[in-house]
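Data block for data-v9.txt (compact mmCIF, C-alpha atoms and all ligand atoms):
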# COMPACT_ATOMS: atom_id res chain seq x y z
CA MET A 1 0.00 0.00 0.00
CA ALA A 2 1.37 3.38 -0.99
CA ASP A 3 1.19 6.43 1.25
CA ASN A 4 -1.61 8.79 0.49
CA ILE A 5 0.31 11.09 -1.78
CA ALA A 6 -1.07 10.67 -5.27
CA ASP A 7 -1.78 13.31 -7.84
CA ASN A 8 -5.45 12.87 -8.44
CA LYS A 9 -8.72 14.29 -7.23
CA LEU A 10 -8.86 11.81 -4.38
CA ASP A 11 -5.69 13.26 -2.82
CA TRP A 12 -7.40 15.51 -0.33
CA PHE A 13 -9.73 12.71 0.71
CA ARG A 14 -7.02 10.12 1.17
CA ASN A 15 -4.98 12.55 3.22
CA ALA A 16 -7.86 13.87 5.31
CA LYS A 17 -8.48 10.81 7.55
CA TYR A 18 -11.02 12.53 9.78
CA GLY A 19 -14.12 14.57 8.97
CA LEU A 20 -17.14 16.12 10.68
CA PHE A 21 -20.63 15.01 9.66
CA ILE A 22 -23.46 17.38 10.56
CA HIS A 23 -27.06 16.16 10.59
CA TRP A 24 -29.28 19.19 10.87
CA GLY A 25 -32.82 19.76 9.68
CA LEU A 26 -36.43 20.19 10.81
CA TYR A 27 -36.16 16.91 12.78
CA THR A 28 -33.71 18.70 15.08
CA ILE A 29 -36.61 20.59 16.67
CA PRO A 30 -38.58 17.60 18.04
CA GLY A 31 -35.24 15.94 18.91
CA GLY A 32 -36.75 12.43 18.83
CA GLU A 33 -40.07 13.15 20.61
CA TRP A 34 -43.47 13.80 19.07
CA ASN A 35 -46.60 14.41 21.14
CA GLY A 36 -44.95 12.78 24.15
CA GLN A 37 -43.93 9.66 22.18
CA LEU A 38 -40.33 8.67 21.57
CA ALA A 39 -39.11 7.98 18.05
CA PRO A 40 -38.17 4.28 17.86
CA HIS A 41 -34.77 4.98 16.28
CA GLY A 42 -32.91 7.71 14.41
CA THR A 43 -34.32 11.08 15.46
CA GLU A 44 -33.89 12.28 11.86
CA TRP A 45 -36.31 9.52 10.81
CA ILE A 46 -39.07 10.69 13.14
CA MET A 47 -41.41 11.81 10.38
CA LYS A 48 -41.35 8.38 8.75
CA THR A 49 -41.16 6.09 11.77
CA MET A 50 -44.04 7.93 13.45
CA ARG A 51 -45.91 8.49 10.18
CA ILE A 52 -46.32 12.17 10.95
CA PRO A 53 -48.65 13.80 8.43
CA LEU A 54 -46.81 16.27 6.24
CA LYS A 55 -49.20 19.08 7.20
CA ASP A 56 -48.16 18.64 10.88
CA TYR A 57 -44.46 18.13 10.18
CA ARG A 58 -44.44 21.20 7.94
CA GLU A 59 -45.38 23.30 10.95
CA LEU A 60 -41.83 22.85 12.12
CA LEU A 61 -40.92 25.38 9.42
CA SER A 62 -42.37 28.13 11.60
CA ARG A 63 -40.19 27.00 14.52
CA PHE A 64 -36.88 26.74 12.69
CA ASP A 65 -34.88 29.62 14.13
CA PRO A 66 -31.39 28.58 15.32
CA ASP A 67 -30.66 31.82 17.15
CA ALA A 68 -27.19 30.79 18.41
CA PHE A 69 -25.80 29.41 15.15
CA ASP A 70 -22.33 30.58 14.15
CA PRO A 71 -20.78 28.74 11.17
CA TYR A 72 -17.29 29.92 12.13
CA TYR A 73 -17.64 28.29 15.50
CA TYR A 74 -18.24 24.90 13.82
CA VAL A 75 -15.44 25.29 11.33
CA ARG A 76 -12.90 26.44 13.90
CA ARG A 77 -13.93 23.72 16.28
CA ALA A 78 -13.65 21.08 13.54
CA LYS A 79 -10.11 22.29 12.85
CA GLU A 80 -9.19 22.20 16.54
CA TRP A 81 -10.59 18.69 16.71
CA GLY A 82 -8.22 17.62 13.91
CA MET A 83 -10.91 17.22 11.25
CA LYS A 84 -10.11 18.09 7.66
CA TYR A 85 -13.55 18.25 6.06
CA ILE A 86 -17.19 18.92 6.86
CA VAL A 87 -20.21 17.16 5.38
CA LEU A 88 -23.48 19.02 6.01
CA THR A 89 -26.95 17.61 5.33
CA ALA A 90 -28.11 20.05 2.65
CA LYS A 91 -31.26 17.93 2.30
CA HIS A 92 -32.02 14.82 4.32
CA HIS A 93 -34.84 12.33 3.75
CA ASP A 94 -37.53 14.67 5.09
CA GLY A 95 -36.94 16.85 2.00
CA PHE A 96 -36.20 20.10 3.87
CA ALA A 97 -33.38 22.09 2.25
CA LEU A 98 -30.87 23.98 4.37
CA PHE A 99 -30.13 26.13 1.32
CA ASP A 100 -31.76 28.71 -0.89
CA THR A 101 -33.39 26.59 -3.57
CA LYS A 102 -35.50 27.93 -6.38
CA VAL A 103 -37.24 24.62 -7.06
CA SER A 104 -39.03 24.19 -3.74
CA ASP A 105 -40.43 26.34 -0.99
CA TYR A 106 -39.56 23.65 1.55
CA SER A 107 -36.35 25.30 2.67
CA VAL A 108 -34.63 27.32 5.33
CA MET A 109 -35.53 30.46 3.38
CA HIS A 110 -39.17 29.92 4.35
CA THR A 111 -38.53 29.79 8.08
CA PRO A 112 -38.22 32.60 10.63
CA TYR A 113 -34.46 32.15 10.37
CA GLY A 114 -34.53 32.83 6.62
CA ARG A 115 -30.80 32.56 5.92
CA ASP A 116 -28.98 30.05 3.76
CA ILE A 117 -27.11 27.69 6.10
CA VAL A 118 -25.21 25.90 3.32
CA ARG A 119 -23.86 29.24 2.15
CA GLN A 120 -22.73 30.19 5.65
CA PHE A 121 -20.86 26.92 6.01
CA SER A 122 -19.31 27.13 2.56
CA ASP A 123 -18.12 30.70 3.23
CA ALA A 124 -16.72 29.80 6.65
CA CYS A 125 -14.96 26.70 5.30
CA ALA A 126 -13.47 28.67 2.40
CA SER A 127 -12.12 31.38 4.68
CA GLU A 128 -10.80 28.89 7.28
CA GLY A 129 -9.32 26.49 4.72
CA LEU A 130 -11.47 23.43 5.44
CA THR A 131 -12.94 21.27 2.68
CA PHE A 132 -16.70 21.70 2.46
CA CYS A 133 -19.00 18.87 1.32
CA VAL A 134 -22.75 18.42 1.19
CA TYR A 135 -25.03 15.48 1.93
CA TYR A 136 -28.03 15.12 -0.38
CA SER A 137 -30.77 12.50 -0.05
CA GLN A 138 -31.37 11.65 -3.70
CA MET A 139 -33.98 8.92 -3.45
CA GLN A 140 -35.96 9.51 -0.29
CA ASP A 141 -37.93 12.72 0.01
CA TRP A 142 -40.93 12.56 2.30
CA GLU A 143 -42.24 15.97 1.33
CA ASP A 144 -42.27 15.60 -2.43
CA PRO A 145 -45.31 13.69 -3.73
CA ASP A 146 -43.05 11.80 -6.14
CA GLY A 147 -40.06 11.24 -3.85
CA ASN A 148 -39.49 7.88 -2.24
CA GLY A 149 -40.70 7.01 1.23
CA ASN A 150 -43.84 8.87 2.24
CA THR A 151 -46.57 6.26 1.93
CA TRP A 152 -48.91 7.80 4.51
CA ASP A 153 -49.58 11.13 2.78
CA TYR A 154 -49.23 9.92 -0.78
CA ASP A 155 -50.44 6.88 -2.68
CA PRO A 156 -47.34 5.08 -3.99
CA ALA A 157 -49.32 3.95 -7.04
CA CYS A 158 -49.60 7.57 -8.15
CA GLN A 159 -45.93 8.41 -7.64
CA ASP A 160 -43.71 9.22 -10.59
CA PHE A 161 -40.10 9.04 -9.44
CA SER A 162 -38.71 10.54 -12.63
CA ARG A 163 -40.88 13.65 -12.09
CA TYR A 164 -39.18 14.09 -8.71
CA PHE A 165 -35.76 13.22 -10.11
CA TYR A 166 -35.87 15.73 -12.99
CA GLY A 167 -38.03 18.28 -11.19
CA LYS A 168 -36.16 18.42 -7.88
CA VAL A 169 -33.05 16.26 -7.57
CA ILE A 170 -31.19 17.33 -10.70
CA PRO A 171 -32.02 21.04 -10.32
CA GLN A 172 -31.13 21.07 -6.60
CA VAL A 173 -27.90 19.19 -7.15
CA ARG A 174 -27.04 21.74 -9.86
CA GLU A 175 -27.81 24.55 -7.43
CA LEU A 176 -25.53 23.02 -4.81
CA LEU A 177 -22.73 22.53 -7.30
CA THR A 178 -22.94 25.94 -8.91
CA ASN A 179 -23.87 28.34 -6.10
CA TYR A 180 -21.53 27.37 -3.27
CA GLY A 181 -18.02 27.40 -4.69
CA LYS A 182 -15.87 24.34 -4.88
CA LEU A 183 -17.30 21.31 -3.07
CA GLY A 184 -14.99 18.53 -1.94
CA MET A 185 -17.69 15.93 -2.21
CA ILE A 186 -21.39 15.30 -2.56
CA TRP A 187 -22.56 12.62 -0.18
CA PHE A 188 -25.55 10.65 -1.46
CA ASP A 189 -27.47 8.19 0.69
CA THR A 190 -30.01 5.34 0.64
CA PRO A 191 -30.07 4.69 -3.12
CA TYR A 192 -32.36 1.68 -2.51
CA ASP A 193 -33.61 0.49 -5.91
CA MET A 194 -32.99 3.66 -7.85
CA PRO A 195 -32.45 2.73 -11.52
CA VAL A 196 -28.79 2.56 -12.43
CA ALA A 197 -29.34 4.84 -15.45
CA LEU A 198 -30.58 7.61 -13.15
CA CYS A 199 -27.65 7.11 -10.77
CA ARG A 200 -25.30 7.51 -13.74
CA GLU A 201 -27.14 10.59 -14.89
CA LEU A 202 -26.84 12.05 -11.40
CA ALA A 203 -23.09 11.40 -11.36
CA GLY A 204 -22.85 12.97 -14.83
CA THR A 205 -24.64 16.09 -13.57
CA VAL A 206 -22.25 16.39 -10.63
CA HIS A 207 -19.19 16.01 -12.80
CA ALA A 208 -20.49 18.33 -15.52
CA CYS A 209 -20.74 21.06 -12.87
CA GLN A 210 -17.58 20.22 -10.92
CA PRO A 211 -15.35 17.49 -12.41
CA ASP A 212 -13.26 17.30 -9.23
CA CYS A 213 -16.13 16.94 -6.80
CA LEU A 214 -16.03 13.48 -5.29
CA ILE A 215 -19.13 11.32 -5.10
CA ASN A 216 -19.45 8.89 -2.24
CA GLY A 217 -20.31 5.23 -2.68
CA ARG A 218 -23.94 5.59 -1.73
CA ILE A 219 -24.84 6.96 -5.13
CA GLY A 220 -25.10 3.21 -5.77
CA TYR A 221 -23.83 0.49 -8.11
CA GLY A 222 -20.14 1.27 -7.48
CA ILE A 223 -20.46 4.53 -9.44
CA GLY A 224 -19.01 6.64 -6.62
CA ASP A 225 -15.36 7.59 -6.23
CA PHE A 226 -14.91 5.65 -3.02
CA ARG A 227 -16.61 3.04 -0.93
CA GLU A 228 -18.86 4.02 1.92
CA ALA A 229 -18.81 1.51 4.77
CA ALA A 230 -22.07 0.65 6.50
CA ASP A 231 -23.03 3.07 9.26
CA ASN A 232 -20.93 2.64 12.40
CA ALA A 233 -19.05 -0.23 10.80
CA ILE A 234 -15.34 -0.87 10.28
CA PRO A 235 -14.21 -3.52 7.79
CA LEU A 236 -12.35 -6.47 9.28
CA LEU A 237 -9.52 -6.29 6.77
CA SER A 238 -7.38 -3.49 5.44
CA ARG A 239 -8.41 -2.01 2.08
CA SER A 240 -6.13 -0.22 -0.35
CA ASP A 241 -8.95 1.53 -2.25
CA PRO A 242 -10.28 4.76 -0.68
CA TRP A 243 -13.17 4.34 1.74
CA GLU A 244 -14.96 6.04 4.61
CA SER A 245 -16.78 4.98 7.73
CA PRO A 246 -19.65 7.26 8.85
CA MET A 247 -20.14 7.08 12.61
CA THR A 248 -22.38 8.50 15.30
CA LEU A 249 -21.15 9.80 18.66
CA ASN A 250 -24.28 8.57 20.45
CA HIS A 251 -26.93 6.34 18.83
CA THR A 252 -28.57 8.72 16.42
CA TRP A 253 -27.56 11.16 13.70
CA GLY A 254 -30.00 13.98 14.36
CA TYR A 255 -30.13 15.79 17.71
CA SER A 256 -31.74 13.77 20.50
CA ARG A 257 -33.14 15.11 23.74
CA ARG A 258 -32.89 11.66 25.30
CA ASP A 259 -29.83 9.88 24.02
CA ASN A 260 -26.91 10.84 26.22
CA ASP A 261 -24.96 7.65 25.69
CA PHE A 262 -21.95 9.20 24.00
CA LYS A 263 -18.71 7.47 23.04
CA SER A 264 -15.76 8.36 25.24
CA PRO A 265 -12.70 10.11 23.76
CA ARG A 266 -10.91 6.80 24.03
CA GLN A 267 -13.60 5.02 22.00
CA VAL A 268 -13.41 7.75 19.36
CA LEU A 269 -9.63 7.33 19.16
CA GLU A 270 -9.93 3.56 19.05
CA ASN A 271 -12.30 3.85 16.09
CA LEU A 272 -10.12 6.44 14.39
CA VAL A 273 -7.05 4.23 14.71
CA ARG A 274 -8.92 1.16 13.47
CA VAL A 275 -10.35 3.01 10.48
CA VAL A 276 -7.13 4.79 9.53
CA GLY A 277 -5.10 1.62 10.09
CA LYS A 278 -7.33 -0.13 7.56
CA GLY A 279 -6.84 2.66 5.04
CA GLY A 280 -10.08 4.61 5.57
CA ASN A 281 -11.46 7.93 6.78
CA LEU A 282 -13.63 8.40 9.84
CA LEU A 283 -16.61 10.74 9.34
CA LEU A 284 -17.87 11.47 12.82
CA ASN A 285 -21.26 13.02 13.40
CA VAL A 286 -22.72 15.80 15.50
CA GLY A 287 -26.41 16.72 15.61
CA PRO A 288 -26.85 20.43 16.39
CA ASP A 289 -29.76 21.37 18.65
CA GLU A 290 -32.61 23.71 17.75
CA HIS A 291 -30.52 26.76 18.65
CA GLY A 292 -27.83 25.63 16.22
CA MET A 293 -25.48 24.65 19.04
CA ILE A 294 -23.32 21.54 19.16
CA PRO A 295 -24.42 19.43 22.16
CA ALA A 296 -22.03 20.02 25.07
CA LYS A 297 -21.21 16.34 25.50
CA SER A 298 -20.26 16.00 21.82
CA GLU A 299 -17.94 18.98 22.20
CA GLU A 300 -16.33 17.57 25.31
CA VAL A 301 -15.52 14.25 23.66
CA LEU A 302 -14.29 15.77 20.41
CA CYS A 303 -12.12 18.30 22.24
CA ALA A 304 -10.41 15.55 24.21
CA ALA A 305 -9.81 13.48 21.07
CA GLY A 306 -8.53 16.63 19.35
CA GLU A 307 -6.01 17.24 22.13
CA TRP A 308 -4.65 13.74 21.65
CA LEU A 309 -4.39 14.35 17.90
CA ARG A 310 -2.40 17.54 18.42
CA VAL A 311 0.30 15.49 20.14
CA ASN A 312 0.01 12.25 18.18
CA GLY A 313 -1.16 13.46 14.76
CA GLU A 314 1.95 12.05 13.08
CA SER A 315 0.51 8.57 13.66
CA ILE A 316 -2.72 9.43 11.80
CA TYR A 317 -2.11 12.00 9.05
CA GLY A 318 0.13 11.09 6.14
CA THR A 319 -0.36 7.41 6.86
CA SER A 320 -1.90 4.64 4.82
CA GLY A 321 -3.44 1.32 5.70
CA VAL A 322 -1.38 -1.31 7.46
CA PRO A 323 -1.15 -4.75 5.85
CA ASP A 324 -3.19 -7.23 7.88
CA PHE A 325 -1.26 -8.79 10.74
CA PRO A 326 -1.71 -12.50 11.46
CA TYR A 327 -3.24 -12.13 14.93
CA LEU A 328 -5.71 -9.83 16.61
CA ILE A 329 -3.80 -7.18 18.54
CA PRO A 330 -5.01 -7.39 22.12
CA TRP A 331 -3.46 -4.14 23.33
CA GLY A 332 -4.69 -1.75 20.62
CA GLY A 333 -4.02 -1.09 16.95
CA LEU A 334 -1.56 -0.07 14.24
CA THR A 335 -1.11 2.68 11.70
CA TYR A 336 1.70 2.97 9.16
CA SER A 337 3.54 5.58 7.13
CA SER A 338 5.42 4.12 4.18
CA CYS A 339 7.28 7.36 3.38
CA ARG A 340 8.50 7.62 6.97
CA ARG A 341 8.96 3.83 7.12
CA THR A 342 7.35 3.94 10.50
CA LEU A 343 4.84 1.64 12.08
CA TYR A 344 2.81 3.24 14.88
CA LEU A 345 1.73 1.01 17.73
CA HIS A 346 -1.33 2.37 19.54
CA VAL A 347 -1.31 0.99 23.06
CA MET A 348 -4.83 1.38 24.43
CA HIS A 349 -4.66 -1.39 26.99
CA TYR A 350 -1.42 -0.73 28.80
CA PRO A 351 0.42 -3.83 29.99
CA SER A 352 0.95 -4.39 33.70
CA TYR A 353 4.22 -5.71 35.18
CA PRO A 354 6.65 -6.51 33.51
CA TYR A 355 5.41 -3.67 31.21
CA ARG A 356 6.29 -5.55 28.07
CA LEU A 357 4.42 -5.54 24.79
CA LEU A 358 4.49 -8.21 22.09
CA LEU A 359 3.86 -7.73 18.38
CA THR A 360 3.87 -10.97 16.40
CA GLY A 361 4.37 -11.20 12.66
CA LEU A 362 6.50 -8.16 11.79
CA GLU A 363 9.23 -9.34 9.40
CA THR A 364 10.97 -6.03 8.65
CA PRO A 365 13.98 -5.33 10.90
CA VAL A 366 13.37 -2.56 13.41
CA THR A 367 16.00 0.17 13.73
CA GLY A 368 14.59 2.04 16.74
CA ILE A 369 11.48 2.67 18.81
CA ARG A 370 10.43 5.91 20.52
CA LEU A 371 7.48 7.18 22.48
CA LEU A 372 5.76 9.53 20.06
CA ARG A 373 4.66 11.91 22.84
CA SER A 374 8.12 12.58 24.27
CA GLY A 375 10.57 11.12 21.78
CA ALA A 376 12.04 8.93 24.55
CA PRO A 377 13.73 5.80 23.11
CA LEU A 378 12.48 2.39 24.19
CA GLN A 379 14.31 -0.90 24.57
CA PHE A 380 13.20 -3.70 22.27
CA MET A 381 14.11 -7.21 21.20
CA GLN A 382 13.26 -8.62 17.79
CA SER A 383 13.62 -12.28 17.00
CA TYR A 384 12.71 -15.02 14.59
CA GLU A 385 12.28 -18.55 15.82
CA PRO A 386 12.61 -20.91 12.84
CA ALA A 387 11.20 -23.97 14.61
CA ARG A 388 7.94 -22.13 15.25
CA ASP A 389 8.27 -19.93 12.14
CA GLU A 390 7.41 -16.91 14.28
CA HIS A 391 8.56 -13.29 14.17
CA ARG A 392 8.38 -11.52 17.51
CA LEU A 393 8.97 -7.98 18.63
CA TYR A 394 9.11 -7.34 22.38
CA ILE A 395 9.09 -3.74 23.60
CA SER A 396 9.78 -2.56 27.15
CA LEU A 397 7.47 0.22 28.25
CA PRO A 398 7.80 2.74 31.10
CA GLU A 399 6.18 1.67 34.33
CA VAL A 400 3.84 4.66 34.35
CA CYS A 401 1.52 4.75 31.37
CA PRO A 402 2.20 7.97 29.41
CA ASP A 403 -1.33 8.23 27.97
CA THR A 404 -4.19 6.12 29.27
CA ASP A 405 -6.29 6.73 26.12
CA ASP A 406 -3.65 5.73 23.61
CA THR A 407 0.13 5.66 24.08
CA VAL A 408 1.76 5.72 20.65
CA LEU A 409 5.08 4.00 19.95
CA ALA A 410 6.83 4.95 16.71
CA VAL A 411 8.68 1.93 15.36
CA SER A 412 11.29 2.82 12.71
CA LEU A 413 11.76 0.13 10.07
CA SER A 414 14.76 -0.59 7.90
CA GLY A 415 12.52 -1.00 4.83
CA PRO A 416 8.88 -1.19 3.76
CA VAL A 417 6.70 -3.01 6.24
CA SER A 418 6.50 -6.71 5.62
CA VAL A 419 4.12 -8.92 7.55
CA GLN A 420 4.24 -12.65 7.97
CA LYS A 421 1.40 -14.62 6.39
CA ILE A 422 0.30 -17.61 8.42
O1 LIG A 501 -31.03 6.99 6.75
C1 LIG A 501 -29.78 7.61 6.87
C2 LIG A 501 -29.51 8.08 8.26
O2 LIG A 501 -30.50 8.93 8.69
C3 LIG A 501 -28.17 8.79 8.27
O3 LIG A 501 -28.20 9.92 7.43
C4 LIG A 501 -27.08 7.84 7.80
C5 LIG A 501 -25.70 8.40 7.75
O4 LIG A 501 -24.83 7.51 7.15
N1 LIG A 501 -27.41 7.32 6.47
C6 LIG A 501 -28.71 6.68 6.34
C7 LIG A 501 -28.71 5.32 6.84
O5 LIG A 501 -27.63 4.57 6.37
Mind turning this structure into structure tokens?
Ligand code: FHN
Amino acid sequence: MADNIADNKLDWFRNAKYGLFIHWGLYTIPGGEWNGQLAPHGTEWIMKTMRIPLKDYRELLSRFDPDAFDPYYYVRRAKEWGMKYIVLTAKHHDGFALFDTKVSDYSVMHTPYGRDIVRQFSDACASEGLTFCVYYSQMQDWEDPDGNGNTWDYDPACQDFSRYFYGKVIPQVRELLTNYGKLGMIWFDTPYDMPVALCRELAGTVHACQPDCLINGRIGYGIGDFREAADNAIPLLSRSDPWESPMTLNHTWGYSRRDNDFKSPRQVLENLVRVVGKGGNLLLNVGPDEHGMIPAKSEEVLCAAGEWLRVNGESIYGTSGVPDFPYLIPWGGLTYSSCRRTLYLHVMHYPSYPYRLLLTGLETPVTGIRLLRSGAPLQFMQSYEPARDEHRLYISLPEVCPDTDDTVLAVSLSGPVSVQKI
């Protein structure tokens, strides 16, 4: 696997490693509760799972007024947290647009707030140097009579998907790609059984407007520029093609009044290391509240993970996937930089006495090992036992754990990493 330094339009994506997903829409206002009832899952799905009539759901338009929203706050925070791109839900499945669209009145412009949120993010990203991307639900639209998904207000037998596709999807995607400067990516979702010809036409529209704009895998049929993993899922094996894992911080994408079960900073780092070590990007979500604020708990976790990245970023950025090792690694995970010829050992479960760590299967001779945080050299012993056909690397660690979330050891190699196949 080569390091992520190639000269094509995927460069920025391969190098980014970590991005911020923002799920924000009308569903933010109920926050998972409707008339005293809790949404069964996914607060952003509340309209569908609770079969809320469109005429009632539409009333949320009059309550959409995020009085504390500051796009620069998000963008600066994302940078502090070590994220390199932002993906904002320009239109989610409920059909509500966070941008000024001429093809529908179901948008932020028809709320008391009345300002284009996509524009504010794109401006803030451009001035702060962060890559801006938009999410667009191309198949599901529960407001449009011809969009997919709303079977309680509309009779599916009378729906004409191509009317929705040509009347709303294509024009809105053109608006997004022509009115908001350069987009890093358009993030499609839930293609379901959308005809492949339409998916191709959609990709063609994107590329006609912005040839360098990436399209994620959920446009369907492998047409996208990279593979999108399932939600909250990390592949078992390393992949050399570009891919991304979208992940929640709690158990829902949209804001929830109830769900306070957030991942810890350590869990975030564990996922980041696993994803990056397998060659992917982690796209981690926040769901702003009705005031346009990032929930305090999300901030707390992301700040702590960001602090770790400020010290240990070398082990994440500029790395590529690690070839698969023969055994599960009980103490943590690995990342690898081929241009630095360095393997990074992420020790998340620190060994007790005698404070010794074992990595099995590394064939490349090691020239030195240091603690990434301090640069302090560590003692090690590398051996090969022919009778057992086993490569072992033992490393002696300090008695006091330097970082309880993730202590990184930088292992310098004499050549490209080579791993034993068993
Ligand atoms: O249905 C959506 C869901 O609400 C959310 O947007 C996620 C993010 O990956 N995508 C869909 C489910 O896979």
Env. residues ligand LIG 501 (chain A) / 8 Å / all atoms listed in the file / as an mmCIF file with C-alpha atoms, in the frame of the given file:
data_model
loop_
_atom_site.group_PDB
_atom_site.id
_atom_site.type_symbol
_atom_site.label_atom_id
_atom_site.label_comp_id
_atom_site.auth_asym_id
_atom_site.auth_seq_id
_atom_site.Cartn_x
_atom_site.Cartn_y
_atom_site.Cartn_z
ATOM 1 C CA HIS A 23 -27.060 16.160 10.590
ATOM 2 C CA GLY A 42 -32.910 7.710 14.410
ATOM 3 C CA GLU A 44 -33.890 12.280 11.860
ATOM 4 C CA TRP A 45 -36.310 9.520 10.810
ATOM 5 C CA HIS A 92 -32.020 14.820 4.320
ATOM 6 C CA HIS A 93 -34.840 12.330 3.750
ATOM 7 C CA ASP A 189 -27.470 8.190 0.690
ATOM 8 C CA THR A 190 -30.010 5.340 0.640
ATOM 9 C CA ALA A 230 -22.070 0.650 6.500
ATOM 10 C CA ASP A 231 -23.030 3.070 9.260
ATOM 11 C CA PRO A 246 -19.650 7.260 8.850
ATOM 12 C CA MET A 247 -20.140 7.080 12.610
ATOM 13 C CA THR A 252 -28.570 8.720 16.420
ATOM 14 C CA TRP A 253 -27.560 11.160 13.700
ATOM 15 C CA GLY A 254 -30.000 13.980 14.360
#
Could you make a table, as JSON lines, of the residues of segment 127-183 of chain A that have an atom within 12 Å of an atom of segment 8-21 of chain A, each with its nearest atom pair and distance in Å to one decimal, counting all atoms listed in the file, in chain and number order?
{"residue": "A:Leu130", "atom": "CA", "partner": "A:Gly19", "partner_atom": "CA", "distance": 9.9}
{"residue": "A:Thr131", "atom": "CA", "partner": "A:Trp12", "partner_atom": "CA", "distance": 8.5}
{"residue": "A:Phe132", "atom": "CA", "partner": "A:Leu20", "partner_atom": "CA", "distance": 9.9}
{"residue": "A:Cys133", "atom": "CA", "partner": "A:Phe21", "partner_atom": "CA", "distance": 9.3}
{"residue": "A:Val134", "atom": "CA", "partner": "A:Phe21", "partner_atom": "CA", "distance": 9.4}
{"residue": "A:Tyr135", "atom": "CA", "partner": "A:Phe21", "partner_atom": "CA", "distance": 8.9}
{"residue": "A:Leu183", "atom": "CA", "partner": "A:Trp12", "partner_atom": "CA", "distance": 11.8}
Please determine an axis-aligned box that encloses all atoms of segment 27-36 of chain A listed in the file, with 8 Å added on each side, and express its centre and edge lengths in Å to one decimal as AutoDock Vina command-line options.
--center_x -40.2 --center_y 16.5 --center_z 18.5 --size_x 28.9 --size_y 24.2 --size_z 27.4
**Study point:** d(atom CA of His110 of chain A, atom CA of Phe64 of chain A) in Å
**Key:** 9.2 Å
Practice item. Please provide the set of residues having any atom within 12 Å of Asn260 of chain A, restricted to only C-alpha atoms, with same-chain residues fewer than 6 positions apart removed, written as a count of residues only. Key: 8
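The environment of Leu26 of chain A within 10 Å, counting all atoms listed in the file and disregarding residues fewer than 4 places along the same chain, consists of Pro30, Gly31, Glu44, Met47, Tyr57, Arg58, Glu59, Leu60, Leu61, Ser62, Arg63, Phe64, His92, Asp94, Gly95, Phe96, Ala97, Leu98, Ser107, Val108, Gly254 and Glu290 of chain A.
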Check your understanding: Counting only C-alpha atoms, what is within 12 Å of Gln159 of chain A, bar same-chain residues fewer than 3 positions away, as a PyMOL selection string?
Key -> chain A and resi 141-142+144-151+153-156+162-165
For C-alpha atoms, I'd like the residues from the last selection saved as a tab-separated table (two decimals), in the frame of the given file.
chain	number	residue	atom	x	y	z
A	141	ASP	CA	-37.93	12.72	0.01
A	142	TRP	CA	-40.93	12.56	2.30
A	144	ASP	CA	-42.27	15.60	-2.43
A	145	PRO	CA	-45.31	13.69	-3.73
A	146	ASP	CA	-43.05	11.80	-6.14
A	147	GLY	CA	-40.06	11.24	-3.85
A	148	ASN	CA	-39.49	7.88	-2.24
A	149	GLY	CA	-40.70	7.01	1.23
A	150	ASN	CA	-43.84	8.87	2.24
A	151	THR	CA	-46.57	6.26	1.93
A	153	ASP	CA	-49.58	11.13	2.78
A	154	TYR	CA	-49.23	9.92	-0.78
A	155	ASP	CA	-50.44	6.88	-2.68
A	156	PRO	CA	-47.34	5.08	-3.99
A	162	SER	CA	-38.71	10.54	-12.63
A	163	ARG	CA	-40.88	13.65	-12.09
A	164	TYR	CA	-39.18	14.09	-8.71
A	165	PHE	CA	-35.76	13.22	-10.11
Practice item. Choose the residue, out of A:Asp225, A:Asp56, A:Asp405, A:Asp123, that has the smallest atom-to-atom separation from Trp308 of chain A; count only C-alpha atoms. Key: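 Using only C-alpha atoms, the shortest distance to Trp308 of chain A belongs to A:Asp405.
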Review point. Between A:Ser396, A:Asn281, A:Thr407, A:Thr364, which has the minimum distance to Leu334 of chain A (counting all atoms listed in the file)?
Key: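 The closest residue to Leu334 of chain A is A:Thr407.
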Check your understanding: Looking at all atoms listed in the file, which of A:Met194, A:Met83, A:Val173, A:Ile316 is the one that sits closest to Gly279 of chain A?
Key ->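 Of the candidates, the smallest distance to Gly279 of chain A is held by A:Ile316.
Considering all atoms listed in the file, the residue among A:Val347, A:Val366, A:Ala387, A:Leu236 positioned nearest to Glu270 of chain A is A:Val347.
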Exercise for review: Could you jot down the atom CA of Glu299 of chain A to atom CA of Asp259 of chain A separation for me, Å, one decimal place?
Suggested key: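 Between atom CA of Glu299 of chain A and atom CA of Asp259 of chain A the gap is 15.1 Å.
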Review point. Of the candidates A:Leu284, A:Ile219, A:Ala208, A:Val411, which shows the shortest atom-to-atom distance to Lys84 of chain A, using only C-alpha atoms?
Key: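 That would be A:Leu284, the residue with the smallest distance to Lys84 of chain A.
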Practice item. For Val417 of chain A, work out the shell of residues within 10 Å, counting all atoms listed in the file and skipping chain neighbours fewer than 2 positions away, then give it as a list in words. Key: Met1, Val322, Pro323, Tyr336, Ser337, Ser338, Arg341, Thr342, Leu343, Leu362, Glu363, Thr364, Pro365, Val366, Ser412, Leu413, Ser414, Gly415 and Val419 of chain A
Check your understanding: Please, which residues are within 12 Å of (8.6, -18.6, 15.9) by the file's coordinates, counting all atoms listed in the file, and could they come as a list in words?
Key ->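 Using all atoms listed in the file, the matching residues come out as Thr360, Gly361, Leu362, Glu363, Gln382, Ser383, Tyr384, Glu385, Pro386, Ala387, Arg388, Asp389, Glu390, His391, Arg392, Leu393, Gln420 and Ile422 of chain A.
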Practice item. Provide the atom CA of Gly277 of chain A to atom CA of Tyr74 of chain A distance in Å, to one decimal place. Key: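 Distance between the two atoms: 27.0 Å.
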